[in-house]
Amino acid sequence: MNSRSFNPDETALPGIRALRPYQPGKPMEELERELGLTETLKLASNENPLGPSPLGAEAAAAAAGGVNLYPDDVGFRLRNKLAQRLAVAPEAITLGSGSSDVIDMVARSFLGPGRNAVYAQYCFAMYPIYTQACGAEGRTAPAYAPDHPWMAYGHDLESMAEAVDDDTRVVFVTNPNNPTGTWSTRGELEAFLQSVPRHVVVVLDEAYTEYVRDDEYPDGVALLPDYPNLVVTRTFSKIYGLAGLRVGYGVSSPELAGMINRVRHPFNVNSAALAAAEAALDDEDFLRRSVEVNRKGLVQLREGLEGMGLKVIPSVGNFITVDLGRSAEPVYDALLREGVIVRPIANYGMPDHLRITVGMVGQNERVLEALGAHT
Ligand SMILES: *Cc1c(COP(=O)(O)O)cnc(C)c1O
């Protein structure tokens with residue numbers, strides 16, 4: 001066979017051929033290399049500006065001495081600790097190399113040709129990618145309109161329930177949602193869960209749950225006893241500051257977890273990540289500080305942006321999304337040239353918006369100043 005004549009496009013699965021890969025936030029190192037800049041600031045990937053949980057980072061460093069050994073495949077200690085914290089059985093927990101790994105496991109377990117997944121307009125970009133990679137159809141349910149009275153751009157869970165049909169096997173709900181920072185109330189979520197037929201798995205992605213302080217905001221894990229078709233996913237990437245280690249988890253009925261576990265790659269969570277996550281769970285001081293820095297930073301960014309006459313989407317996450325009222329791409333580029341990385345979200349169908357991760361006070365000032373000079 002002549003290897004030069006091989007065309008991967010002809011051989012690849014149709015879903016993969018049409019796939020456009022996930023676009024991560026631009027790494028600081030890359031920008032520094034490209035533009036010869038130093039002192040760059042990245043507020044593009046919702047990373048914790050306080051750094052890693054100190055307890056977590058210490059445990060990861062200590063684990064480095066043992067990396068000649070494969071990690072504990074079942075993550076016994078982390079699973080048990082999580083189970084205790086969440087008052088569920090250890091068998092209810094699925095560990096992932098990031099929570100996106102768990103979401104991918106759900107997709108691979110339940111989606112394929114002839115089936116579909118439902119997600120919201122302006123949803124997290126990985127859901128359509130995982131859906132398409134499985135050869136399933138993705139169905140986008142319209143979000144609340146930009147002029148919605150109390151949750152502009154938010155999930156319209158009624159429209160999502162309406163999009164479910166006989167071929168639907170997975171629905172992705174994000175609470176709060178990325179990239180909008182919008183959220184669903186307990187009432188909305190429960191009404192939705194009750195209306196979804198039981199042949200459908202509901203993924204409730206709670207990547208930012210620790211940041212939310214509102215009595216109406218539901219705890220997905222508390223809903224599990226009533227909804228055996230529910231998987232709640234959470235991560236150590238955001239508030240725990242461990243994004244670089246890749247560790248997250250799903251919580252569900254043990255039966256559902258057992259099904260997902262069949263497609264899990266062996267040793268999917270590395271030993272440093274397992275140790276760090278376990279230790280970070282005890283880092284209450286770090287969590288408290290992270291919530292506080294974020295609460296103040298959200299106010300600072302909102303007030304600064306509104307002070308420039310810009311409209312923001314009210315957010316309960318660790319990021320805020322702003323409407324520039326014109327194409328965001330040139331503004332994103334101008335900020336890059338000044339060493340400030342934010343996130344354009346045209347690929348989410350929001351070409352006039354930028355998403356800005358909440359930073360420390362001085363970092364927020366810097367991004368506001370840079371934006372002020374270009375809007
Ligand atoms: C960041 C994020 C995740 C988690 O990513 P991992 O690093 O893989 O845990 C999941 N869902 C949403 C909506 C996110 O924003």
# chains A, B, ... in the order shown; residues from 1 in each chain; ligands from 1
>>> residues_around(residues="Arg262 (chain A)", least_positions_apart="6", cutoff="10 Å", atoms="only C-alpha atoms", output="count of residues only")
3
>>> residues_near_ligand(ligand="ligand 1", cutoff="10 Å", atoms="only C-alpha atoms and all ligand atoms", output="ChimeraX atom specification")
/A:45-47,96-104,123-127,172-181,204-208,233-238,241-249,317-319
>>> residues_around(residues="Lys26 (chain A)", least_positions_apart="6", cutoff="10 Å", atoms="only C-alpha atoms", output="ChimeraX atom specification")
/A:42-45,336,341-343
>>> write_last_selection(atoms="N, CA, C and O atoms", output="CSV table (one decimal), in the first residue's frame")
chain,number,residue,atom,x,y,z
A,42,LYS,N,-3.7,35.9,32.2
A,42,LYS,CA,-4.7,35.0,31.6
A,42,LYS,C,-5.9,34.9,32.5
A,42,LYS,O,-5.9,34.4,33.6
A,43,LEU,N,-7.0,35.5,32.0
A,43,LEU,CA,-8.3,35.4,32.6
A,43,LEU,C,-9.2,34.7,31.6
A,43,LEU,O,-10.3,35.3,31.3
A,44,ALA,N,-8.8,33.6,31.2
A,44,ALA,CA,-9.6,33.0,30.0
A,44,ALA,C,-10.1,31.6,30.3
A,44,ALA,O,-10.8,31.0,29.5
A,45,SER,N,-9.7,30.9,31.3
A,45,SER,CA,-10.1,29.5,31.5
A,45,SER,C,-10.7,29.2,32.8
A,45,SER,O,-10.7,28.0,33.3
A,336,LEU,N,-4.8,40.9,23.6
A,336,LEU,CA,-3.7,40.0,23.5
A,336,LEU,C,-2.4,40.7,23.3
A,336,LEU,O,-1.4,40.4,23.9
A,341,ILE,N,-5.1,38.0,28.2
A,341,ILE,CA,-5.9,36.9,27.6
A,341,ILE,C,-7.2,36.8,28.2
A,341,ILE,O,-7.4,36.4,29.4
A,342,VAL,N,-8.3,37.0,27.4
A,342,VAL,CA,-9.7,36.7,27.9
A,342,VAL,C,-10.2,35.7,26.9
A,342,VAL,O,-9.5,35.1,26.0
A,343,ARG,N,-11.5,35.4,26.9
A,343,ARG,CA,-12.0,34.3,26.1
A,343,ARG,C,-13.1,34.8,25.1
A,343,ARG,O,-14.2,35.3,25.5
>>> select_by_dssp(residues="region 148-312 of chain A", states="strand (DSSP E or B)", output="list in words")
Thr168, Arg169, Val170, Val171, Phe172, Val173, Thr174, Val201, Val202, Val203, Leu204, Asp205, Leu230, Val231, Val232, Thr233, Arg234, Thr235, Gly248, Tyr249, Gly250, Val251, Lys311 and Val312 of chain A
>>> atom_distance(atom1="CA of Pro142 (chain A)", atom2="CA of Pro197 (chain A)")
19.8 Å
